[in-house]
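Next comes final.csv, with CSV, C-alpha atoms.
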chain,number,residue,atom,x,y,z
A,1,MET,CA,1.8,3.3,-30.4
A,2,PRO,CA,0.0,3.9,-27.1
A,3,THR,CA,2.0,5.5,-24.3
A,4,PHE,CA,1.9,4.6,-20.7
A,5,VAL,CA,3.2,7.1,-18.2
A,6,GLY,CA,4.0,6.6,-14.5
A,7,LEU,CA,4.2,9.7,-12.4
A,8,ASP,CA,5.4,9.7,-8.8
A,9,LEU,CA,4.2,13.2,-8.3
A,10,ALA,CA,6.0,15.5,-5.9
A,11,TRP,CA,3.8,17.4,-3.5
A,12,LYS,CA,5.6,20.6,-4.0
A,13,ALA,CA,6.7,22.1,-7.4
A,14,GLU,CA,10.3,22.6,-6.1
A,15,ASN,CA,10.7,18.8,-5.4
A,16,GLU,CA,11.5,16.1,-7.9
A,17,SER,CA,8.9,13.8,-9.5
A,18,GLY,CA,9.7,10.3,-10.8
A,19,VAL,CA,8.6,10.0,-14.4
A,20,CYS,CA,8.6,6.8,-16.6
A,21,TRP,CA,7.3,6.5,-20.2
A,22,LEU,CA,6.6,3.2,-21.8
A,23,GLU,CA,5.5,2.8,-25.4
A,24,GLY,CA,4.1,-0.3,-27.2
A,25,ASP,CA,1.0,-2.3,-27.7
A,26,SER,CA,2.1,-5.8,-26.8
A,27,PRO,CA,4.4,-7.5,-24.2
A,28,GLU,CA,6.8,-8.2,-27.1
A,29,ASN,CA,7.3,-4.6,-28.2
A,30,LEU,CA,6.7,-2.6,-25.0
A,31,ARG,CA,9.8,-0.5,-24.3
A,32,CYS,CA,10.9,2.2,-21.9
A,33,THR,CA,11.6,5.5,-23.7
A,34,ARG,CA,12.2,7.6,-20.7
A,35,LEU,CA,13.0,7.3,-17.0
A,36,GLU,CA,14.1,10.2,-14.9
A,37,THR,CA,13.4,12.4,-11.9
A,38,VAL,CA,12.5,16.0,-12.8
A,39,VAL,CA,11.5,19.3,-11.2
A,40,ARG,CA,8.5,20.5,-13.0
A,41,ASP,CA,5.4,22.6,-12.2
A,42,ILE,CA,1.9,21.3,-12.7
A,43,ASP,CA,1.3,23.0,-16.1
A,44,GLY,CA,4.7,21.7,-17.2
A,45,HIS,CA,3.7,18.2,-16.4
A,46,ALA,CA,0.3,18.6,-18.1
A,47,ASP,CA,1.6,20.3,-21.2
A,48,GLU,CA,4.1,17.5,-21.7
A,49,LEU,CA,1.5,14.8,-21.3
A,50,ALA,CA,-0.9,16.6,-23.6
A,51,ALA,CA,1.8,16.7,-26.3
A,52,ILE,CA,1.8,12.9,-26.5
A,53,ALA,CA,-0.1,11.8,-29.6
A,54,GLY,CA,-2.8,9.2,-29.6
A,55,THR,CA,-3.7,6.9,-26.7
A,56,VAL,CA,-2.1,7.7,-23.4
A,57,VAL,CA,-2.7,6.3,-19.9
A,58,VAL,CA,-1.1,8.2,-17.0
A,59,SER,CA,-1.0,6.5,-13.6
A,60,ILE,CA,-0.4,9.1,-10.9
A,61,ASP,CA,0.7,8.5,-7.3
A,62,ALA,CA,-1.4,11.4,-5.9
A,63,PRO,CA,-5.1,12.2,-5.5
A,64,VAL,CA,-6.4,13.4,-8.9
A,65,LEU,CA,-10.0,13.7,-7.9
A,66,TYR,CA,-11.1,15.2,-4.6
A,67,THR,CA,-14.4,16.1,-3.0
A,68,PRO,CA,-15.4,16.5,0.6
A,69,ALA,CA,-17.3,13.2,0.2
A,70,ARG,CA,-14.1,11.2,-0.7
A,71,TRP,CA,-14.1,8.0,1.3
A,72,VAL,CA,-11.7,5.8,-0.6
A,73,ASP,CA,-8.7,6.4,1.7
A,74,THR,CA,-10.6,5.1,4.7
A,75,TYR,CA,-11.7,2.1,2.6
A,76,ILE,CA,-8.1,1.4,1.5
A,77,ASN,CA,-7.1,1.4,5.2
A,78,ARG,CA,-9.7,-1.2,5.9
A,79,VAL,CA,-8.8,-3.5,2.9
A,80,PHE,CA,-5.0,-3.1,3.1
A,81,GLY,CA,-4.5,-2.3,6.7
A,82,ARG,CA,-3.6,-5.9,7.5
A,83,PHE,CA,-0.6,-5.5,5.1
A,84,ASN,CA,0.4,-2.3,6.9
A,85,ALA,CA,-0.4,-0.5,3.6
A,86,SER,CA,-2.7,2.3,4.8
A,87,ALA,CA,-3.3,5.3,2.6
A,88,HIS,CA,-2.5,8.9,3.3
A,89,SER,CA,-5.6,11.0,4.0
A,90,ALA,CA,-6.5,13.2,1.0
A,91,HIS,CA,-8.7,15.3,3.3
A,92,TYR,CA,-5.7,16.1,5.5
A,93,ALA,CA,-3.4,16.8,2.5
A,94,TYR,CA,-6.1,19.1,1.1
A,95,ARG,CA,-6.4,21.1,4.3
A,96,GLU,CA,-2.6,21.4,4.5
A,97,GLY,CA,-2.5,22.8,1.0
A,98,ARG,CA,-0.8,19.8,-0.6
A,99,ARG,CA,-2.9,19.7,-3.7
A,100,ALA,CA,-0.5,18.9,-6.5
A,101,GLY,CA,-2.4,15.8,-7.7
A,102,ILE,CA,-5.8,17.7,-7.7
A,103,GLU,CA,-4.3,20.6,-9.6
A,104,LEU,CA,-2.8,18.2,-12.1
A,105,GLY,CA,-6.2,16.5,-12.5
A,106,TYR,CA,-7.8,19.9,-13.3
A,107,ALA,CA,-4.9,20.7,-15.7
A,108,LEU,CA,-5.3,17.4,-17.6
A,109,ALA,CA,-9.1,17.7,-17.7
A,110,ASN,CA,-8.6,21.2,-19.3
A,111,ARG,CA,-6.4,19.5,-21.9
A,112,GLU,CA,-9.1,17.0,-22.9
A,113,PHE,CA,-8.0,14.1,-20.7
A,114,THR,CA,-10.6,12.1,-18.8
A,115,LEU,CA,-10.1,11.3,-15.2
A,116,ASP,CA,-12.7,8.5,-15.3
A,117,PRO,CA,-10.9,5.1,-15.6
A,118,ARG,CA,-14.1,3.0,-15.8
A,119,PRO,CA,-14.2,2.9,-19.6
A,120,LEU,CA,-10.6,1.6,-19.7
A,121,LEU,CA,-11.4,-1.0,-17.1
A,122,ASP,CA,-14.4,-2.0,-19.3
A,123,GLY,CA,-12.0,-2.6,-22.2
A,124,ASN,CA,-12.0,0.7,-24.1
A,125,ARG,CA,-8.5,1.0,-25.3
A,126,GLU,CA,-8.8,4.3,-27.1
A,127,CYS,CA,-8.4,6.9,-24.4
A,128,ARG,CA,-6.5,9.8,-23.0
A,129,LEU,CA,-6.7,9.2,-19.3
A,130,GLY,CA,-5.2,10.3,-16.0
A,131,LEU,CA,-5.9,8.1,-12.9
A,132,GLU,CA,-4.8,7.7,-9.4
A,133,VAL,CA,-2.8,4.7,-8.1
A,134,TYR,CA,-1.1,4.0,-4.8
A,135,PRO,CA,2.2,2.1,-4.9
A,136,HIS,CA,1.8,0.2,-1.7
A,137,THR,CA,-1.4,-1.4,-2.9
A,138,LEU,CA,0.2,-2.1,-6.3
A,139,HIS,CA,3.1,-3.9,-4.5
A,140,VAL,CA,0.8,-5.9,-2.2
A,141,ARG,CA,-1.2,-7.3,-5.0
A,142,LEU,CA,1.2,-7.4,-8.0
A,143,PHE,CA,3.9,-8.9,-5.9
A,144,GLU,CA,1.5,-11.0,-3.7
A,145,LEU,CA,3.0,-9.7,-0.5
A,146,LYS,CA,2.0,-10.4,3.1
A,147,GLU,CA,3.2,-7.0,4.2
A,148,ARG,CA,4.1,-3.7,2.6
A,149,ILE,CA,7.7,-3.1,1.6
A,150,LEU,CA,9.6,-0.8,3.9
A,151,TYR,CA,11.7,1.5,1.7
A,152,LYS,CA,10.3,5.0,1.8
A,153,TYR,CA,13.0,7.7,2.4
A,154,GLY,CA,12.7,9.6,5.7
A,155,LYS,CA,10.6,7.0,7.6
A,156,LYS,CA,13.6,5.0,9.0
A,157,PRO,CA,17.4,5.0,8.9
A,158,LEU,CA,18.8,4.0,5.5
A,159,ASP,CA,20.4,0.9,6.9
A,160,VAL,CA,16.9,-0.3,7.9
A,161,LEU,CA,15.4,0.8,4.5
A,162,ARG,CA,18.0,-0.6,2.1
A,163,PRO,CA,17.0,-4.3,2.4
A,164,GLY,CA,13.4,-3.3,1.6
A,165,MET,CA,14.5,-1.2,-1.4
A,166,GLN,CA,16.5,-4.1,-2.7
A,167,GLN,CA,13.5,-6.4,-2.3
A,168,TYR,CA,11.5,-3.9,-4.3
A,169,GLN,CA,14.1,-3.9,-7.0
A,170,SER,CA,14.1,-7.7,-7.3
A,171,LEU,CA,10.3,-8.0,-7.3
A,172,LEU,CA,9.9,-5.2,-9.9
A,173,ARG,CA,12.6,-6.8,-12.1
A,174,ASP,CA,10.8,-10.2,-11.9
A,175,LEU,CA,7.4,-8.5,-12.8
A,176,LEU,CA,9.0,-6.8,-15.8
A,177,GLN,CA,10.6,-10.0,-16.9
A,178,ARG,CA,7.2,-11.7,-16.9
A,179,GLU,CA,5.0,-8.9,-18.3
A,180,ALA,CA,7.2,-6.7,-20.5
A,181,PRO,CA,10.8,-8.1,-20.8
A,182,ARG,CA,12.0,-5.5,-23.4
A,183,VAL,CA,11.6,-2.7,-20.8
A,184,LEU,CA,14.7,-4.2,-19.2
A,185,GLU,CA,16.7,-3.2,-22.2
A,186,HIS,CA,16.7,0.4,-21.1
A,187,SER,CA,20.0,1.4,-19.4
A,188,GLU,CA,18.3,3.6,-16.8
A,189,ILE,CA,15.9,0.9,-15.9
A,190,LEU,CA,18.8,-1.5,-15.4
A,191,ARG,CA,20.6,1.1,-13.2
A,192,VAL,CA,17.8,1.7,-10.8
A,193,LEU,CA,17.2,-2.0,-10.5
A,194,ASP,CA,20.8,-2.6,-9.5
A,195,HIS,CA,21.2,-3.5,-5.9
A,196,ARG,CA,24.7,-1.8,-5.8
A,197,VAL,CA,23.1,1.5,-6.5
A,198,VAL,CA,21.1,1.2,-3.3
A,199,GLU,CA,24.1,0.1,-1.3
A,200,SER,CA,25.9,3.4,-1.9
A,201,ALA,CA,23.0,5.8,-2.2
A,202,ILE,CA,22.3,8.4,0.5
A,203,GLY,CA,20.1,11.5,0.8
A,204,LYS,CA,18.8,12.8,-2.5
A,205,ASP,CA,20.4,9.9,-4.5
A,206,TYR,CA,18.5,7.4,-2.4
A,207,LYS,CA,15.3,9.4,-2.9
A,208,ARG,CA,15.8,9.5,-6.6
A,209,VAL,CA,16.1,5.7,-6.8
A,210,GLU,CA,12.8,5.5,-4.8
A,211,ASP,CA,11.0,8.0,-7.0
A,212,SER,CA,12.3,6.2,-10.2
A,213,LEU,CA,11.1,2.8,-9.0
A,214,ASP,CA,7.7,4.2,-8.1
A,215,GLY,CA,7.5,5.8,-11.5
A,216,VAL,CA,8.3,2.5,-13.2
A,217,THR,CA,5.7,0.7,-11.1
A,218,CYS,CA,3.0,3.3,-11.9
A,219,ALA,CA,3.9,3.1,-15.7
A,220,VAL,CA,3.8,-0.7,-15.7
A,221,SER,CA,0.4,-0.5,-13.9
A,222,ALA,CA,-0.9,1.8,-16.6
A,223,TRP,CA,0.2,-0.7,-19.2
A,224,LEU,CA,-1.3,-3.7,-17.4
A,225,MET,CA,-4.6,-1.9,-17.0
A,226,TRP,CA,-4.7,-1.2,-20.7
A,227,ASN,CA,-3.6,-4.7,-21.7
A,228,GLU,CA,-5.5,-6.8,-19.1
A,229,PRO,CA,-8.2,-4.5,-17.6
A,230,LYS,CA,-10.1,-7.3,-15.9
A,231,ARG,CA,-7.2,-7.8,-13.6
A,232,TRP,CA,-8.0,-4.3,-12.1
A,233,GLU,CA,-10.7,-2.7,-10.0
A,234,LEU,CA,-11.7,0.8,-9.0
A,235,LEU,CA,-12.1,1.4,-5.3
A,236,GLY,CA,-14.1,4.5,-4.4
A,237,ASP,CA,-16.1,6.6,-6.8
A,238,MET,CA,-15.9,9.7,-8.9
A,239,GLY,CA,-15.7,11.8,-5.8
A,240,GLY,CA,-12.3,10.2,-5.2
A,241,TYR,CA,-10.9,6.8,-6.2
A,242,ILE,CA,-7.8,4.6,-6.4
A,243,VAL,CA,-7.3,1.9,-9.0
A,244,VAL,CA,-5.8,-1.3,-7.6
A,245,PRO,CA,-5.0,-4.8,-9.0
A,246,ARG,CA,-7.6,-7.4,-8.2
A,247,GLU,CA,-6.7,-9.9,-5.5
A,248,SER,CA,-5.3,-13.1,-6.9
A,249,GLN,CA,-7.5,-16.1,-6.5
A,250,PRO,CA,-6.1,-19.3,-5.1
A,251,GLY,CA,-5.4,-22.0,-7.7
Once more with this new file: its structure as structure tokens, please.
Amino acid sequence: MPTFVGLDLAWKAENESGVCWLEGDSPENLRCTRLETVVRDIDGHADELAAIAGTVVVSIDAPVLYTPARWVDTYINRVFGRFNASAHSAHYAYREGRRAGIELGYALANREFTLDPRPLLDGNRECRLGLEVYPHTLHVRLFELKERILYKYGKKPLDVLRPGMQQYQSLLRDLLQREAPRVLEHSEILRVLDHRVVESAIGKDYKRVEDSLDGVTCAVSAWLMWNEPKRWELLGDMGGYIVVPRESQPG
């Protein structure tokens, strides 16, 4: 069975990453086999992913390809700015030494993964692939939003963020029910989608829910790219890119 991994990658090795694994080859049998937040270094992540047999698509919330000519972040800001869903600058992160995604990209390439999603988007289902996604762009297009969800820990007081997080939970649950209903059988998936968890969560507990939801979103995106690649597009180029859902067409 192919495996689809979502990785909300921590910028620093001492911080937790959100990790979600899905396995299956159809909407009827796709299941969650793992959802957790973990502290793991880059080689630990790469070794674990390399140990997966067969087809594996890893959607990573972090830049996995970087060159000084990378322009996709500016382009994302142009396309998604009207949704208040601008991207972080990979150039700034690189200068500041926040290179976890780039280091993971190198580590995966050294373990015979490709970082080029174009064959997958052209319909090639047999791959071992790591690629970059950005949750805010996933939300805007998968959930058909008019504005990004306000839920990220540390940006606002929790009383301001909790309604956005609960909106995120509801929209993600609806997406799973449509696209992969058996994923909802997993107990940890159900827990992080429960509004009551957000009502009582503070500090690290709130951040773990956030990381878990982003991990699930990235994993479901990996599955959807593999299952319906024509619904997706690559923005940028092989100097740096982000894969996003195509904009829904009216009617």
Check your understanding: Around (-10.9, -3.6, 0.0) in the file's frame, which residues reach within 10 Å when counting all atoms listed in the file? Return as a PyMOL selection string?
Key -> chain A and resi 72+74-81+235-236+244+246-247
Keeping only C-alpha atoms, take the residues you just selected and write them out as an mmCIF file, keeping the file's coordinate frame.
data_model
loop_
_atom_site.group_PDB
_atom_site.id
_atom_site.type_symbol
_atom_site.label_atom_id
_atom_site.label_comp_id
_atom_site.auth_asym_id
_atom_site.auth_seq_id
_atom_site.Cartn_x
_atom_site.Cartn_y
_atom_site.Cartn_z
ATOM 1 C CA VAL A 72 -11.700 5.800 -0.600
ATOM 2 C CA THR A 74 -10.600 5.100 4.700
ATOM 3 C CA TYR A 75 -11.700 2.100 2.600
ATOM 4 C CA ILE A 76 -8.100 1.400 1.500
ATOM 5 C CA ASN A 77 -7.100 1.400 5.200
ATOM 6 C CA ARG A 78 -9.700 -1.200 5.900
ATOM 7 C CA VAL A 79 -8.800 -3.500 2.900
ATOM 8 C CA PHE A 80 -5.000 -3.100 3.100
ATOM 9 C CA GLY A 81 -4.500 -2.300 6.700
ATOM 10 C CA LEU A 235 -12.100 1.400 -5.300
ATOM 11 C CA GLY A 236 -14.100 4.500 -4.400
ATOM 12 C CA VAL A 244 -5.800 -1.300 -7.600
ATOM 13 C CA ARG A 246 -7.600 -7.400 -8.200
ATOM 14 C CA GLU A 247 -6.700 -9.900 -5.500
#
Practice item. In Å, rounded to a single decimal, give me how far CA of Arg162 in chain A is from CA of Val198 in chain A. Key: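 Atom-to-atom, CA of Val198 in chain A and CA of Arg162 in chain A are spaced 6.5 Å apart.
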**Study point:** Among the residues A:Asp116, A:Glu228, A:Asp237, A:Asp73, the one that comes closest to Glu179 in chain A [using all atoms listed in the file]
**Key:**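 Answer, going by the shortest atom-to-atom distance: A:Glu228.
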Range 111-200 of chain A near range 2-21 of chain A within 10 Å: what's each residue's closest atom pair and its distance in Å to one decimal, counting only C-alpha atoms, ordered by chain then ascending residue number, as CSV?
residue,atom,partner,partner_atom,distance
A:Arg125,CA,A:Pro2,CA,9.2
A:Glu126,CA,A:Pro2,CA,8.8
A:Cys127,CA,A:Pro2,CA,9.3
A:Arg128,CA,A:Thr3,CA,9.6
A:Leu129,CA,A:Phe4,CA,9.9
A:Gly130,CA,A:Val5,CA,9.3
A:Glu132,CA,A:Leu7,CA,9.7
A:Val133,CA,A:Gly6,CA,9.5
A:Tyr134,CA,A:Asp8,CA,9.5
A:Pro135,CA,A:Asp8,CA,9.1
A:Ile189,CA,A:Cys20,CA,9.4
Review point. Taking (12.4, -9.1, -7.8) in the file's coordinates, which residues come within 12 Å, counting all atoms listed in the file, written as a PyMOL selection string?
Key: chain A and resi 139+142-145+164-178+193-195
Selected residues, C-alpha atoms, written as a PDB file, keeping the file's coordinate frame, please.
ATOM      1  CA  HIS A 139       3.100  -3.900  -4.500  1.00  0.00           C
ATOM      2  CA  LEU A 142       1.200  -7.400  -8.000  1.00  0.00           C
ATOM      3  CA  PHE A 143       3.900  -8.900  -5.900  1.00  0.00           C
ATOM      4  CA  GLU A 144       1.500 -11.000  -3.700  1.00  0.00           C
ATOM      5  CA  LEU A 145       3.000  -9.700  -0.500  1.00  0.00           C
ATOM      6  CA  GLY A 164      13.400  -3.300   1.600  1.00  0.00           C
ATOM      7  CA  MET A 165      14.500  -1.200  -1.400  1.00  0.00           C
ATOM      8  CA  GLN A 166      16.500  -4.100  -2.700  1.00  0.00           C
ATOM      9  CA  GLN A 167      13.500  -6.400  -2.300  1.00  0.00           C
ATOM     10  CA  TYR A 168      11.500  -3.900  -4.300  1.00  0.00           C
ATOM     11  CA  GLN A 169      14.100  -3.900  -7.000  1.00  0.00           C
ATOM     12  CA  SER A 170      14.100  -7.700  -7.300  1.00  0.00           C
ATOM     13  CA  LEU A 171      10.300  -8.000  -7.300  1.00  0.00           C
ATOM     14  CA  LEU A 172       9.900  -5.200  -9.900  1.00  0.00           C
ATOM     15  CA  ARG A 173      12.600  -6.800 -12.100  1.00  0.00           C
ATOM     16  CA  ASP A 174      10.800 -10.200 -11.900  1.00  0.00           C
ATOM     17  CA  LEU A 175       7.400  -8.500 -12.800  1.00  0.00           C
ATOM     18  CA  LEU A 176       9.000  -6.800 -15.800  1.00  0.00           C
ATOM     19  CA  GLN A 177      10.600 -10.000 -16.900  1.00  0.00           C
ATOM     20  CA  ARG A 178       7.200 -11.700 -16.900  1.00  0.00           C
ATOM     21  CA  LEU A 193      17.200  -2.000 -10.500  1.00  0.00           C
ATOM     22  CA  ASP A 194      20.800  -2.600  -9.500  1.00  0.00           C
ATOM     23  CA  HIS A 195      21.200  -3.500  -5.900  1.00  0.00           C
TER      24      HIS A 195
END
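Using all atoms listed in the file for every distance, the candidate list A:Leu158, A:Val140, A:Leu190, A:Leu224 yields A:Val140 as the residue closest to Ser248 in chain A.
From CA of Pro157 in chain A back to CA of Ile60 in chain A, the distance works out to 26.9 Å.
Distances to Ala50 in chain A were evaluated for A:Ile149, A:Val160, A:Leu108, A:Ala85 using all atoms listed in the file, and the minimum falls at A:Leu108.
Pairwise distance (CA of Met225 in chain A, CA of Glu48 in chain A) equals 21.8 Å.
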Point to revise | Which of A:Arg141, A:Arg111, A:His88, A:Lys204 sits closest to Glu233 in chain A [using all atoms listed in the file] | key: A:Arg141
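For the choices A:Glu185, A:Tyr66, A:Val57, A:Leu30, the atom-to-atom distance to Thr114 in chain A is smallest for A:Val57 when using only C-alpha atoms.
Among A:Gly239, A:Trp71, A:Ala222, A:Pro117, the residue with the shortest atom-to-atom distance to Asp25 in chain A, counting all atoms listed in the file, is A:Ala222.
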Exercise for review: Would you list the contacts of Pro68 in chain A as a ChimeraX atom specification, taking every protein, DNA or RNA residue within 12 Å and counting all atoms listed in the file, but skipping same-chain residues closer than 3 positions in sequence?
Suggested key: /A:65,71-72,89-92,94-95,238-240
Could you save those same residues with C-alpha atoms as a PDB file, in the frame of the given file?
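Dumped to selection20.pdb:
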ATOM      1  CA  LEU A  65     -10.000  13.700  -7.900  1.00  0.00           C
ATOM      2  CA  TRP A  71     -14.100   8.000   1.300  1.00  0.00           C
ATOM      3  CA  VAL A  72     -11.700   5.800  -0.600  1.00  0.00           C
ATOM      4  CA  SER A  89      -5.600  11.000   4.000  1.00  0.00           C
ATOM      5  CA  ALA A  90      -6.500  13.200   1.000  1.00  0.00           C
ATOM      6  CA  HIS A  91      -8.700  15.300   3.300  1.00  0.00           C
ATOM      7  CA  TYR A  92      -5.700  16.100   5.500  1.00  0.00           C
ATOM      8  CA  TYR A  94      -6.100  19.100   1.100  1.00  0.00           C
ATOM      9  CA  ARG A  95      -6.400  21.100   4.300  1.00  0.00           C
ATOM     10  CA  MET A 238     -15.900   9.700  -8.900  1.00  0.00           C
ATOM     11  CA  GLY A 239     -15.700  11.800  -5.800  1.00  0.00           C
ATOM     12  CA  GLY A 240     -12.300  10.200  -5.200  1.00  0.00           C
TER      13      GLY A 240
END
Report as a tab-separated table: every residue of range 29-57 of chain A with an atom at most 10 Å from range 97-105 of chain A, its closest pair of atoms, and their distance in Å to one decimal, counting only C-alpha atoms, with rows sorted by chain and ascending residue number.
residue	atom	partner	partner_atom	distance
A:Asp41	CA	A:Ala100	CA	9.0
A:Ile42	CA	A:Leu104	CA	5.7
A:Asp43	CA	A:Leu104	CA	7.5
A:Gly44	CA	A:Leu104	CA	9.7
A:His45	CA	A:Leu104	CA	7.8
A:Ala46	CA	A:Leu104	CA	6.8
Selected residues, C-alpha atoms, written as a compact mmCIF listing (two decimals), in the coordinates of the input, please.
# COMPACT_ATOMS: atom_id res chain seq x y z
CA ASP A 41 5.40 22.60 -12.20
CA ILE A 42 1.90 21.30 -12.70
CA ASP A 43 1.30 23.00 -16.10
CA GLY A 44 4.70 21.70 -17.20
CA HIS A 45 3.70 18.20 -16.40
CA ALA A 46 0.30 18.60 -18.10
Exercise for review: Write out as a PyMOL selection string each polymer residue whose atoms come within 7 Å of Leu234 in chain A, counting all atoms listed in the file; drop sequence neighbours fewer than 6 positions from it.
Suggested key: chain A and resi 241-244
